[in-house]
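Asker: So that you have it, the file is input.cif, and it contains mmCIF, C-alpha atoms:
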data_input
loop_
_atom_site.label_atom_id
_atom_site.label_comp_id
_atom_site.auth_asym_id
_atom_site.auth_seq_id
_atom_site.Cartn_x
_atom_site.Cartn_y
_atom_site.Cartn_z
CA MET A 916 29.13 -36.47 11.10
CA TYR A 917 28.21 -34.21 8.18
CA ASP A 918 29.89 -30.87 7.67
CA LEU A 919 26.57 -29.15 7.04
CA VAL A 920 22.84 -29.81 7.16
CA VAL A 921 20.63 -27.31 5.35
CA VAL A 922 17.05 -27.18 6.65
CA GLY A 923 14.84 -25.80 3.90
CA ALA A 924 14.84 -26.22 0.12
CA GLY A 925 13.57 -22.91 -1.19
CA PRO A 926 15.70 -20.41 -3.15
CA TYR A 927 17.99 -19.74 -0.16
CA GLY A 928 18.42 -23.33 0.94
CA LEU A 929 19.10 -24.54 -2.60
CA SER A 930 21.58 -21.73 -3.28
CA ILE A 931 23.50 -22.35 -0.05
CA ALA A 932 23.60 -26.08 -0.74
CA ALA A 933 24.87 -25.45 -4.29
CA HIS A 934 27.79 -23.39 -2.96
CA ALA A 935 28.54 -25.94 -0.23
CA ALA A 936 28.46 -28.88 -2.66
CA ALA A 937 30.79 -27.07 -5.07
CA ALA A 938 33.20 -26.47 -2.17
CA GLY A 939 33.30 -30.20 -1.44
CA LEU A 940 31.56 -30.18 1.92
CA SER A 941 29.68 -33.24 3.06
CA LEU A 942 26.07 -32.12 3.42
CA ARG A 943 22.43 -33.00 3.41
CA ILE A 944 19.57 -30.74 2.42
CA LEU A 945 16.16 -31.43 3.93
CA GLY A 946 12.79 -30.07 2.85
CA ARG A 947 10.27 -29.88 0.04
CA PRO A 948 11.88 -28.09 -2.93
CA MET A 949 10.28 -24.70 -3.65
CA ALA A 950 7.41 -25.53 -1.28
CA LEU A 951 6.19 -21.94 -0.86
CA TRP A 952 6.07 -21.40 -4.59
CA ARG A 953 4.58 -24.80 -5.38
CA ASP A 954 1.88 -24.95 -2.73
CA HIS A 955 1.15 -21.46 -1.43
CA MET A 956 0.89 -19.12 -4.40
CA PRO A 957 -2.28 -18.88 -6.49
CA ASP A 958 -2.46 -20.14 -10.04
CA GLY A 959 -2.07 -17.24 -12.42
CA MET A 960 0.26 -15.22 -10.18
CA LEU A 961 3.19 -13.51 -11.90
CA LEU A 962 6.71 -12.84 -10.67
CA LYS A 963 7.08 -9.21 -9.58
CA SER A 964 10.88 -9.27 -9.77
CA GLU A 965 12.63 -8.86 -13.08
CA ALA A 966 13.90 -12.17 -14.44
CA TRP A 967 17.53 -11.09 -14.05
CA ALA A 968 16.86 -10.44 -10.33
CA ALA A 969 15.35 -13.88 -9.68
CA HIS A 970 18.27 -16.22 -10.27
CA LEU A 971 19.20 -18.80 -7.69
CA SER A 972 22.93 -18.86 -6.96
CA ASP A 973 25.61 -21.38 -7.81
CA PRO A 974 29.30 -20.40 -7.70
CA ALA A 975 29.84 -20.60 -11.45
CA GLY A 976 26.61 -18.79 -12.35
CA GLU A 977 25.76 -21.53 -14.84
CA HIS A 978 22.14 -22.21 -13.85
CA THR A 979 20.26 -18.95 -14.22
CA LEU A 980 16.57 -18.38 -14.77
CA ALA A 981 17.44 -16.98 -18.19
CA ASP A 982 19.29 -20.19 -19.11
CA TYR A 983 16.30 -22.28 -18.05
CA CYS A 984 13.86 -20.18 -20.06
CA THR A 985 16.04 -19.91 -23.15
CA ALA A 986 16.43 -23.69 -23.34
CA ARG A 987 12.64 -23.99 -23.34
CA ASP A 988 11.88 -21.13 -25.73
CA ILE A 989 10.22 -19.13 -22.96
CA PRO A 990 10.55 -15.43 -23.81
CA VAL A 991 12.49 -13.41 -21.24
CA ARG A 992 12.26 -9.65 -21.67
CA HIS A 993 12.95 -6.75 -19.35
CA GLY A 994 9.67 -5.40 -17.99
CA VAL A 995 7.63 -8.50 -18.94
CA PRO A 996 6.69 -10.62 -15.90
CA LEU A 997 7.14 -14.37 -15.85
CA PRO A 998 4.56 -16.74 -14.33
CA VAL A 999 5.35 -17.91 -10.82
CA ARG A 1000 4.91 -21.46 -12.10
CA THR A 1001 7.83 -20.95 -14.47
CA PHE A 1002 10.00 -19.75 -11.60
CA THR A 1003 8.93 -22.73 -9.48
CA ALA A 1004 9.91 -25.17 -12.21
CA TYR A 1005 13.21 -23.34 -12.62
CA GLY A 1006 13.99 -23.69 -8.91
CA ARG A 1007 13.42 -27.43 -9.01
CA TRP A 1008 15.56 -27.71 -12.16
CA PHE A 1009 18.30 -25.74 -10.43
CA GLY A 1010 18.25 -28.06 -7.42
CA GLU A 1011 18.43 -31.19 -9.54
CA ARG A 1012 21.62 -29.94 -11.20
CA THR A 1013 23.53 -28.25 -8.40
CA VAL A 1014 22.97 -30.09 -5.12
CA PRO A 1015 22.92 -33.64 -3.81
CA GLN A 1016 19.50 -35.21 -3.60
CA VAL A 1017 17.02 -33.06 -1.70
CA GLU A 1018 15.34 -35.21 0.95
CA GLU A 1019 11.64 -34.37 1.20
CA VAL A 1020 11.34 -34.85 4.93
CA THR A 1021 10.12 -32.60 7.72
CA VAL A 1022 12.64 -31.59 10.36
CA THR A 1023 11.15 -31.82 13.83
CA SER A 1024 14.14 -30.86 15.95
CA VAL A 1025 17.52 -29.14 15.77
CA HIS A 1026 19.37 -29.50 19.06
CA PRO A 1027 22.93 -29.39 20.44
CA ALA A 1028 24.68 -32.77 20.34
CA GLY A 1029 28.27 -33.99 20.48
CA GLY A 1030 29.98 -30.66 19.93
CA GLY A 1031 27.68 -29.96 16.99
CA PHE A 1032 24.00 -30.57 16.33
CA GLY A 1033 21.47 -33.33 16.04
CA VAL A 1034 18.85 -32.84 13.31
CA THR A 1035 15.84 -35.10 13.78
CA THR A 1036 13.30 -35.77 11.01
CA ASP A 1037 9.69 -36.91 11.09
CA GLY A 1038 10.91 -40.33 10.02
CA GLY A 1039 12.79 -40.72 13.30
CA GLU A 1040 16.31 -40.29 11.92
CA THR A 1041 18.74 -38.06 13.80
CA ILE A 1042 21.54 -36.65 11.65
CA ALA A 1043 24.79 -35.51 13.26
CA ALA A 1044 26.07 -32.22 11.86
CA ARG A 1045 28.96 -29.91 12.64
CA THR A 1046 27.03 -26.89 11.33
CA VAL A 1047 23.39 -26.22 10.50
CA VAL A 1048 21.68 -23.63 8.31
CA LEU A 1049 18.05 -22.81 9.00
CA ALA A 1050 16.57 -21.58 5.71
CA VAL A 1051 12.97 -22.18 6.70
CA GLY A 1052 11.37 -19.62 4.38
CA VAL A 1053 8.48 -17.34 5.35
CA LEU A 1054 5.59 -19.68 6.15
CA PRO A 1055 6.39 -19.98 9.87
CA PHE A 1056 6.13 -16.20 10.11
CA VAL A 1057 2.68 -15.56 8.66
CA ASN A 1058 1.26 -12.27 10.00
CA ARG A 1059 -2.47 -12.55 10.72
CA PRO A 1060 -4.20 -9.48 12.18
CA MET A 1061 -5.27 -10.11 15.76
CA PRO A 1062 -9.01 -9.53 15.13
CA LEU A 1063 -9.03 -12.51 12.75
CA HIS A 1064 -7.50 -15.00 15.20
CA GLY A 1065 -10.83 -16.21 16.53
CA LEU A 1066 -12.42 -16.84 13.13
CA PRO A 1067 -12.57 -20.31 11.55
CA PRO A 1068 -10.55 -21.02 8.37
CA ALA A 1069 -13.76 -21.12 6.36
CA LEU A 1070 -14.21 -17.40 7.03
CA ALA A 1071 -10.69 -16.02 7.33
CA SER A 1072 -7.36 -17.00 5.79
CA HIS A 1073 -3.94 -15.67 4.84
CA SER A 1074 -2.94 -15.06 1.23
CA SER A 1075 -0.33 -17.83 1.55
CA ASP A 1076 -3.08 -20.38 2.30
CA HIS A 1077 -4.30 -20.49 -1.29
CA ARG A 1078 -3.14 -22.31 -4.39
CA ALA A 1079 -6.48 -22.12 -6.22
CA LEU A 1080 -8.74 -19.07 -5.87
CA SER A 1081 -11.44 -20.45 -8.15
CA ARG A 1082 -13.29 -21.86 -5.13
CA PHE A 1083 -14.31 -18.29 -4.26
CA ALA A 1084 -16.20 -17.79 -7.54
CA GLY A 1085 -19.55 -16.16 -6.85
CA ARG A 1086 -18.60 -15.18 -3.29
CA ASP A 1087 -17.89 -11.82 -1.67
CA VAL A 1088 -14.25 -11.62 -0.51
CA THR A 1089 -12.44 -8.81 1.30
CA VAL A 1090 -8.65 -8.65 1.02
CA LEU A 1091 -6.66 -6.79 3.67
CA GLY A 1092 -3.44 -5.09 2.58
CA SER A 1093 -1.95 -2.71 0.03
CA GLY A 1094 1.14 -4.53 -1.27
CA GLN A 1095 1.62 -6.66 -4.35
CA SER A 1096 0.29 -9.81 -2.70
CA ALA A 1097 -2.97 -8.09 -1.70
CA LEU A 1098 -3.51 -6.34 -5.01
CA GLU A 1099 -2.73 -9.36 -7.17
CA THR A 1100 -4.78 -11.71 -4.97
CA ALA A 1101 -7.79 -9.38 -5.24
CA THR A 1102 -7.32 -9.10 -9.01
CA LEU A 1103 -7.14 -12.86 -9.46
CA LEU A 1104 -10.22 -13.31 -7.26
CA ALA A 1105 -12.18 -10.86 -9.43
CA GLU A 1106 -10.95 -12.50 -12.63
CA GLN A 1107 -12.08 -15.89 -11.33
CA GLY A 1108 -15.62 -14.77 -10.58
CA ALA A 1109 -15.52 -13.45 -7.02
CA THR A 1110 -16.70 -10.05 -5.84
CA ALA A 1111 -13.45 -8.76 -4.38
CA ARG A 1112 -12.46 -5.55 -2.61
CA ILE A 1113 -9.36 -4.17 -0.91
CA VAL A 1114 -9.31 -2.70 2.59
CA ALA A 1115 -6.07 -0.81 3.18
CA ARG A 1116 -4.64 1.17 6.07
CA ALA A 1117 -2.85 3.38 3.58
CA GLY A 1118 -4.72 6.47 2.44
CA ARG A 1119 -3.94 5.61 -1.17
CA LEU A 1120 -2.47 2.75 -3.12
CA ARG A 1121 1.05 2.99 -4.52
CA TRP A 1122 2.08 1.61 -7.88
CA ASP A 1123 5.60 1.03 -9.14
CA ALA A 1124 6.55 2.94 -12.26
CA PRO A 1125 7.41 0.95 -15.39
CA PRO A 1126 11.11 0.02 -15.27
CA GLN A 1127 13.63 2.19 -17.05
CA PRO A 1128 15.16 0.54 -20.13
CA LEU A 1129 18.46 -1.17 -19.50
CA ASP A 1130 20.02 0.34 -22.61
CA ARG A 1131 20.02 4.05 -21.78
CA GLY A 1132 22.35 6.97 -21.40
CA ARG A 1133 24.90 7.05 -18.61
CA LEU A 1134 23.43 10.17 -17.01
CA ARG A 1135 19.92 8.70 -16.87
CA ALA A 1136 21.33 5.48 -15.41
CA LEU A 1137 23.23 7.44 -12.78
CA ARG A 1138 20.10 9.35 -11.74
CA ASP A 1139 17.96 6.22 -11.50
CA PRO A 1140 20.14 3.09 -11.22
CA HIS A 1141 18.81 -0.43 -11.55
CA GLY A 1142 19.00 -2.69 -8.52
CA GLY A 1143 17.65 -6.09 -7.62
CA LEU A 1144 14.69 -4.58 -5.75
CA GLY A 1145 13.83 -2.00 -8.42
CA THR A 1146 15.13 1.24 -9.84
CA GLY A 1147 16.23 4.27 -7.84
CA TRP A 1148 18.98 4.88 -5.31
CA PRO A 1149 17.15 3.54 -2.22
CA ASN A 1150 16.31 0.25 -3.95
CA TRP A 1151 19.86 0.04 -5.28
CA ALA A 1152 21.29 0.53 -1.79
CA TRP A 1153 19.09 -2.13 -0.17
CA SER A 1154 19.73 -4.69 -2.90
CA GLU A 1155 23.41 -4.13 -3.66
CA THR A 1156 24.91 -3.28 -0.26
CA PRO A 1157 23.49 -5.59 2.43
CA TRP A 1158 26.97 -5.68 3.98
CA ALA A 1159 26.66 -1.92 4.58
CA VAL A 1160 23.18 -2.25 6.10
CA ARG A 1161 24.59 -4.62 8.70
CA ARG A 1162 27.00 -1.93 9.90
CA LEU A 1163 24.17 0.41 10.80
CA PRO A 1164 22.81 0.67 14.37
CA ALA A 1165 20.42 -2.15 15.26
CA THR A 1166 17.38 0.11 15.62
CA THR A 1167 18.04 1.59 12.17
CA ARG A 1168 18.40 -1.86 10.61
CA VAL A 1169 15.14 -3.05 12.13
CA ARG A 1170 13.29 0.05 10.92
CA ILE A 1171 14.66 -0.36 7.38
CA ALA A 1172 13.72 -4.04 7.32
CA GLU A 1173 10.17 -3.21 8.41
CA THR A 1174 9.51 -0.25 6.10
CA ALA A 1175 11.55 -0.65 2.90
CA PRO A 1176 10.63 -0.90 0.17
CA VAL A 1177 7.24 0.76 0.57
CA PRO A 1178 4.33 -1.62 -0.25
CA ALA A 1179 3.30 -1.07 -3.86
CA GLY A 1180 1.70 -2.89 -6.75
CA ALA A 1181 3.53 -3.85 -9.93
CA TRP A 1182 2.94 -1.39 -12.75
CA TRP A 1183 1.72 -4.16 -15.07
CA LEU A 1184 -1.09 -5.11 -12.65
CA ARG A 1185 -2.74 -1.69 -12.46
CA ASP A 1186 -4.80 -1.90 -15.65
CA ARG A 1187 -6.25 -5.23 -14.53
CA PHE A 1188 -6.86 -4.15 -10.94
CA GLU A 1189 -8.51 -0.75 -11.17
CA PRO A 1190 -11.57 -1.67 -13.29
CA ALA A 1191 -12.22 -4.84 -11.29
CA VAL A 1192 -11.52 -4.17 -7.60
CA PRO A 1193 -12.97 -1.37 -5.42
CA VAL A 1194 -10.80 0.00 -2.62
CA VAL A 1195 -11.63 1.07 0.93
CA PRO A 1196 -8.52 3.15 1.79
CA GLY A 1197 -7.47 4.67 5.08
CA HIS A 1198 -9.11 2.06 7.32
CA ARG A 1199 -7.64 -0.38 9.83
CA LEU A 1200 -9.32 -3.56 11.01
CA ALA A 1201 -10.47 -3.15 14.62
CA ALA A 1202 -12.72 -6.18 15.08
CA ALA A 1203 -14.18 -9.15 13.23
CA ASP A 1204 -16.97 -11.49 14.25
CA VAL A 1205 -19.12 -14.17 12.70
CA ARG A 1206 -22.33 -12.84 11.19
CA GLY A 1207 -24.58 -15.55 9.71
CA ASP A 1208 -22.57 -17.37 7.06
CA GLY A 1209 -20.00 -14.59 6.81
CA VAL A 1210 -17.97 -12.02 8.70
CA ARG A 1211 -18.73 -8.55 9.95
CA LEU A 1212 -15.70 -6.28 10.00
CA ALA A 1213 -15.36 -3.14 12.09
CA LEU A 1214 -13.11 -0.72 10.21
CA VAL A 1215 -11.74 2.43 11.81
CA ARG A 1216 -10.64 5.57 9.98
CA GLY A 1217 -7.87 7.83 11.18
CA ASP A 1218 -10.41 10.23 12.69
CA GLY A 1219 -11.93 7.43 14.79
CA THR A 1220 -15.01 6.92 12.63
CA VAL A 1221 -16.13 3.27 12.59
CA ARG A 1222 -17.49 1.62 9.48
CA SER A 1223 -19.12 -1.80 9.40
CA LEU A 1224 -18.57 -4.10 6.42
CA GLU A 1225 -20.04 -7.54 5.86
CA THR A 1226 -18.34 -10.10 3.66
CA GLU A 1227 -18.31 -13.86 3.14
CA HIS A 1228 -14.56 -14.34 3.55
CA VAL A 1229 -11.52 -12.31 4.60
CA VAL A 1230 -8.05 -12.85 3.12
CA ALA A 1231 -5.22 -11.23 5.08
CA ALA A 1232 -2.48 -10.34 2.60
CA THR A 1233 -0.55 -8.83 5.48
CA GLY A 1234 2.87 -10.32 4.93
CA PHE A 1235 5.25 -12.09 7.28
CA THR A 1236 6.95 -11.00 10.50
CA PRO A 1237 10.33 -12.47 11.50
CA ASP A 1238 10.01 -14.08 14.92
CA LEU A 1239 12.58 -16.47 16.28
CA GLY A 1240 10.01 -17.83 18.72
CA ARG A 1241 8.08 -19.37 15.84
CA VAL A 1242 10.99 -21.58 14.79
CA ARG A 1243 9.64 -24.37 16.96
CA LEU A 1244 11.93 -27.01 15.49
CA LEU A 1245 14.91 -25.23 17.09
CA ASP A 1246 15.67 -26.43 20.61
CA ALA A 1247 14.14 -24.09 23.20
CA ARG A 1248 17.46 -23.77 25.05
CA VAL A 1249 19.12 -22.51 21.89
CA ARG A 1250 16.29 -20.12 21.04
CA GLY A 1251 16.42 -18.69 24.53
CA ALA A 1252 20.19 -18.22 24.43
CA LEU A 1253 20.47 -16.51 21.05
CA ARG A 1254 21.21 -12.80 20.92
CA THR A 1255 18.56 -10.88 18.99
CA VAL A 1256 18.55 -7.63 17.02
CA GLY A 1257 17.48 -4.89 19.38
CA ALA A 1258 13.86 -5.33 20.39
CA SER A 1259 13.08 -7.44 17.32
CA ARG A 1260 12.48 -11.16 17.39
CA ALA A 1261 15.20 -11.96 14.89
CA PRO A 1262 18.68 -13.34 15.63
CA GLU A 1263 21.71 -11.06 15.66
CA LEU A 1264 24.11 -12.41 13.03
CA SER A 1265 27.77 -12.12 12.16
CA GLY A 1266 28.89 -10.85 8.78
CA CYS A 1267 28.73 -14.48 7.60
CA PHE A 1268 25.20 -15.15 8.87
CA GLU A 1269 26.31 -17.08 11.97
CA SER A 1270 24.22 -16.65 15.10
CA SER A 1271 25.59 -16.23 18.61
CA TRP A 1272 25.37 -20.03 18.97
CA PRO A 1273 28.53 -21.27 17.20
CA GLY A 1274 27.80 -23.29 14.09
CA LEU A 1275 24.14 -22.25 13.78
CA PHE A 1276 23.44 -20.13 10.70
CA PHE A 1277 20.28 -18.48 9.40
CA ALA A 1278 19.12 -17.47 5.92
CA GLY A 1279 16.11 -15.67 4.49
CA LEU A 1280 13.50 -13.55 6.25
CA LEU A 1281 15.00 -13.88 9.75
CA THR A 1282 18.16 -12.20 8.49
CA ALA A 1283 16.45 -9.05 7.18
CA PRO A 1284 16.91 -7.12 10.47
CA SER A 1285 20.65 -7.78 10.13
CA PHE A 1286 21.21 -7.35 6.39
CA GLY A 1287 18.22 -5.41 5.12
CA PRO A 1288 15.23 -5.80 2.80
CA SER A 1289 16.96 -7.83 0.08
CA MET A 1290 16.82 -10.83 2.42
CA ARG A 1291 13.05 -10.88 1.91
CA PHE A 1292 13.50 -11.47 -1.83
CA VAL A 1293 15.09 -14.12 -4.02
CA TYR A 1294 17.70 -11.56 -5.03
CA GLY A 1295 19.36 -11.81 -1.62
CA ALA A 1296 20.16 -15.51 -2.07
CA HIS A 1297 23.43 -14.90 -3.92
CA PHE A 1298 24.91 -12.57 -1.33
CA THR A 1299 23.77 -14.94 1.42
CA ALA A 1300 25.13 -18.13 -0.14
CA GLY A 1301 28.65 -16.81 -0.71
CA ARG A 1302 29.00 -15.12 2.65
CA LEU A 1303 27.40 -17.93 4.62
CA LEU A 1304 29.63 -20.58 3.05
CA ARG A 1305 32.70 -18.69 4.23
CA GLY A 1306 31.28 -18.65 7.74
CA VAL A 1307 30.58 -22.38 7.65
CA GLN A 1308 34.09 -23.15 6.48
CA ARG A 1309 35.66 -21.02 9.19
CA ARG A 1310 33.54 -22.76 11.80
CA LEU A 1311 34.55 -26.17 10.44
CA VAL A 1312 38.21 -25.22 10.82
CA ASP A 1313 37.55 -24.37 14.47
CA ARG A 1314 35.64 -27.58 15.15
CA ARG A 1315 37.89 -30.02 13.31
CA GLY A 1316 41.18 -28.30 14.03
CA GLY A 1317 42.29 -28.83 10.44
CA ALA A 1318 42.04 -27.40 6.98
CA VAL A 1319 38.95 -27.55 4.83
CA HIS A 1320 38.36 -26.56 1.24
CA ARG A 1321 39.08 -22.89 0.95
CA PRO A 1322 36.15 -20.61 0.18
CA PRO A 1323 35.76 -19.26 -3.35
CA ALA A 1324 37.22 -15.88 -4.19
CA ASP A 1325 35.60 -13.00 -2.36
CA ASP A 1326 33.28 -12.19 -5.24
CA ILE A 1327 31.06 -10.18 -2.86
CA ARG A 1328 33.80 -7.62 -2.21
CA VAL A 1329 34.82 -7.52 -5.85
CA ALA A 1330 31.23 -7.10 -7.01
CA ALA A 1331 30.58 -4.36 -4.46
CA GLY A 1332 33.54 -2.43 -5.80
CA ALA A 1333 32.40 -2.93 -9.38
CA ALA A 1334 28.89 -1.82 -8.53
CA ALA A 1335 30.20 1.34 -6.90
CA ARG A 1336 32.22 2.11 -10.03
CA ARG A 1337 29.30 1.64 -12.38
CA THR A 1338 26.03 2.48 -10.72
CA ALA A 1339 24.31 2.22 -14.11
CA THR A 1340 23.88 -1.50 -13.48
CA VAL A 1341 22.25 -3.13 -16.48
CA LEU A 1342 22.46 -6.65 -15.16
CA PRO A 1343 22.55 -7.65 -11.49
CA PRO A 1344 26.01 -7.54 -9.89
CA ARG A 1345 27.70 -10.88 -9.29
CA ARG A 1346 25.79 -12.62 -12.06
CA ARG A 1347 26.97 -13.17 -15.57
CA ALA A 1348 24.95 -11.83 -18.49
CA PRO A 1349 22.44 -14.32 -19.87
CA ARG A 1350 23.36 -16.06 -23.09
CA SER A 1351 21.55 -16.01 -26.42
CA ARG A 1352 18.50 -14.00 -25.51
CA THR A 1353 17.04 -10.57 -25.89
CA PRO A 1354 18.68 -8.09 -23.47
CA GLN A 1355 16.43 -7.44 -20.48
#
If you convert what's in this file into structure tokens, what do you get?
Answerer:
Amino acid sequence: MYDLVVVGAGPYGLSIAAHAAAAGLSLRILGRPMALWRDHMPDGMLLKSEAWAAHLSDPAGEHTLADYCTARDIPVRHGVPLPVRTFTAYGRWFGERTVPQVEEVTVTSVHPAGGGFGVTTDGGETIAARTVVLAVGVLPFVNRPMPLHGLPPALASHSSDHRALSRFAGRDVTVLGSGQSALETATLLAEQGATARIVARAGRLRWDAPPQPLDRGRLRALRDPHGGLGTGWPNWAWSETPWAVRRLPATTRVRIAETAPVPAGAWWLRDRFEPAVPVVPGHRLAAADVRGDGVRLALVRGDGTVRSLETEHVVAATGFTPDLGRVRLLDARVRGALRTVGASRAPELSGCFESSWPGLFFAGLLTAPSFGPSMRFVYGAHFTAGRLLRGVQRRLVDRRGGAVHRPPADDIRVAAGAAARRTATVLPPRRRAPRSRTPQ
């Protein structure tokens, strides 16, 4: 029986497996490495996060995105976005160096068995595990507006459905949403020959300000600190203190996870977007039906006025909604027994990411209602991996009745104290400064 099976091989799954392997646990990691980034993000897309906020996590901090880029003479500068393809290649490189072989299989079932779990794959193998981590990413939680549900894929899709947008060249495409995914998808569509527009519920689009320089005066840094989700005190709080978010009332945590940070476009995208993409602001989608070879949309303003819009294809860049019910690979008895966060459809978790079913841990989007918005971003992987490993090791002690490798030093607590002492964070807490490169 393995100590741990990690289901999912994205940034969270790989980071957790790296910490577990370094601690000497017997484990297997199942899934397609960096699948979301490899298969579900359009060519030409750039990483919105700063490079220093997009590292995967290993205990020694020896496999950072900066290290990967420096070794390949890829420039890494603060405020200059990296291609998503570079980040994808980095994630695969990280996995090859920090974890046992990733098995590219599909998990079809996780169910209770023999005092632990059975993890069944599409190849018919059932793996016995004392503990399991579900790091299934965001794809199971795609949020498609209800009016689009009856339309065929040829007419309506989600932004995560597309790797190549060039197939829309010469076509009229409407993108729903006002966040980075919507704005960048519409920009790339226009740049690849489509007639693209944005329809947004928001009355106006928001754009992030250019990042403050890292090398600046102490007073300026105190007024507007850097954090993994951006500059400013709210972003700093969400990114650097997920342990504090968890201590808030459940309804408050759910509201924060749903609303922070506010949807906005990256500052570097604005000059490309505004000349190329018209915007229909302040409208919500009320209905959609097939009209000839395209779609007719009924859009409603806040005052109740209805506007009709015809287009050849609709792309919903409407994000992802955590919903435990969509984790179909998890045994229905377990799903039904798990405690959830308030009225949300996400599991209630301990401080070490363990669910109410002993030995079952979660990582990524489903943990945002417990730990806050950073769990929706790569930046949250470091906090998750360290904390979750401690939870796994404690559970293994309970199940085996003996000692296991002790967890690494409580770098989370130490880093939190350091961050509180120096809010002018110039590099992300808990990560060492990158070597031999221009400061970010």
Asker: Using Å and a single decimal, report how far CA of His970 in chain A sits from CA of Ala1159 in chain A.
Answerer: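 Going from CA of Ala1159 in chain A over to CA of His970 in chain A, I get 22.3 Å.
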Asker: I need the residue nearest Glu977 in chain A from this list: A:Thr1003, A:Ser964, A:Ser1289, A:Thr1013. Use all atoms listed in the file for the distance.
Answerer: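 Going through A:Thr1003, A:Ser964, A:Ser1289, A:Thr1013 one by one, the smallest distance to Glu977 in chain A is for A:Thr1013.
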Asker: For the structure shown, which residues end up in the PyMOL selection byres ((chain A and resi 1302) around 8)? Put them as a ChimeraX atom specification, please?
Answerer: /A:1266-1268,1298-1301,1303-1306,1327
Asker: What would the file look like if the residues just selected were written as a PDB file, in the frame of the given file with C-alpha atoms?
Answerer:
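Saved file out_28.pdb follows:
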ATOM      1  CA  GLY A1266      28.890 -10.850   8.780  1.00  0.00           C
ATOM      2  CA  CYS A1267      28.730 -14.480   7.600  1.00  0.00           C
ATOM      3  CA  PHE A1268      25.200 -15.150   8.870  1.00  0.00           C
ATOM      4  CA  PHE A1298      24.910 -12.570  -1.330  1.00  0.00           C
ATOM      5  CA  THR A1299      23.770 -14.940   1.420  1.00  0.00           C
ATOM      6  CA  ALA A1300      25.130 -18.130  -0.140  1.00  0.00           C
ATOM      7  CA  GLY A1301      28.650 -16.810  -0.710  1.00  0.00           C
ATOM      8  CA  LEU A1303      27.400 -17.930   4.620  1.00  0.00           C
ATOM      9  CA  LEU A1304      29.630 -20.580   3.050  1.00  0.00           C
ATOM     10  CA  ARG A1305      32.700 -18.690   4.230  1.00  0.00           C
ATOM     11  CA  GLY A1306      31.280 -18.650   7.740  1.00  0.00           C
ATOM     12  CA  ILE A1327      31.060 -10.180  -2.860  1.00  0.00           C
TER      13      ILE A1327
END
Asker: Counting only C-alpha atoms, figure out which residue out of A:Ala1097, A:Ala1252, A:Ala1191, A:Ala1296 gets nearest to Ala1179 in chain A.
Answerer: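 Of all the options, A:Ala1097 lies closest to Ala1179 in chain A.
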Asker: Take CA of Arg1185 in chain A and CA of Met949 in chain A and report the distance between them in Å, one decimal.
Answerer: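 Computed distance, CA of Arg1185 in chain A to CA of Met949 in chain A, equals 27.9 Å.
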Asker: Once you count all atoms listed in the file, what closest atom pair and distance in Å to one decimal does each residue of range 926-1035 of chain A within 10 Å of range 1064-1076 of chain A have, with rows by chain and rising residue number, as CSV?
Answerer:
residue,atom,partner,partner_atom,distance
A:Leu951,CA,A:Ser1075,CA,8.1
A:Trp952,CA,A:Ser1075,CA,9.6
A:Asp954,CA,A:Asp1076,CA,8.4
A:His955,CA,A:Ser1075,CA,4.9
A:Met956,CA,A:Ser1075,CA,6.2
A:Pro957,CA,A:Ser1075,CA,8.3
Asker: Is there a way to get, as a list in words, all residues within 9 Å of the point (20.8, -31.6, 3.2) in file coordinates, counting only C-alpha atoms?
Answerer: Leu919, Val920, Val921, Val922, Gly923, Ala924, Gly928, Ala932, Leu942, Arg943, Ile944, Leu945, Gly946, Val1014, Pro1015, Gln1016, Val1017 and Glu1018 of chain A
Asker: By how many Å are CA of Leu1063 in chain A and CA of Ala1115 in chain A apart?
Answerer: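 Result for CA of Leu1063 in chain A versus CA of Ala1115 in chain A: 15.4 Å, one decimal.
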Asker: Going by the chain IDs and residue numbers used in this file, which residues fall under the PyMOL selection byres ((chain A and resi 1240) around 10)? Write them as a ChimeraX atom specification.
Answerer: /A:1055-1056,1237-1239,1241-1245,1247,1250-1251,1260-1261
Asker: For C-alpha atoms, I'd like the residues from the last selection saved as a tab-separated table (two decimals), keeping the file's coordinate frame.
Answerer:
chain	number	residue	atom	x	y	z
A	1055	PRO	CA	6.39	-19.98	9.87
A	1056	PHE	CA	6.13	-16.20	10.11
A	1237	PRO	CA	10.33	-12.47	11.50
A	1238	ASP	CA	10.01	-14.08	14.92
A	1239	LEU	CA	12.58	-16.47	16.28
A	1241	ARG	CA	8.08	-19.37	15.84
A	1242	VAL	CA	10.99	-21.58	14.79
A	1243	ARG	CA	9.64	-24.37	16.96
A	1244	LEU	CA	11.93	-27.01	15.49
A	1245	LEU	CA	14.91	-25.23	17.09
A	1247	ALA	CA	14.14	-24.09	23.20
A	1250	ARG	CA	16.29	-20.12	21.04
A	1251	GLY	CA	16.42	-18.69	24.53
A	1260	ARG	CA	12.48	-11.16	17.39
A	1261	ALA	CA	15.20	-11.96	14.89
Asker: Have a look at A:Thr1035, A:Ser1271, A:Ser1154, A:Gln1308 and name the one nearest to Arg1291 in chain A; count only C-alpha atoms.
Answerer: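 Closest residue, counting only C-alpha atoms: A:Ser1154.
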Asker: Pick the closest to Val995 in chain A from A:Arg1206, A:Lys963, A:His1026, A:Arg1161: which is it, counting all atoms listed in the file?
Answerer: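 Checking each candidate against Val995 in chain A, we get A:Lys963 as the closest.
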Asker: Using only C-alpha atoms for the distances, tell me which of A:Leu1129, A:Gln1095, A:Gly1180, A:Met1061 is nearest to Trp967 in chain A.
Answerer: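 Looking at the shortest contact to Trp967 in chain A, the residue is A:Leu1129.
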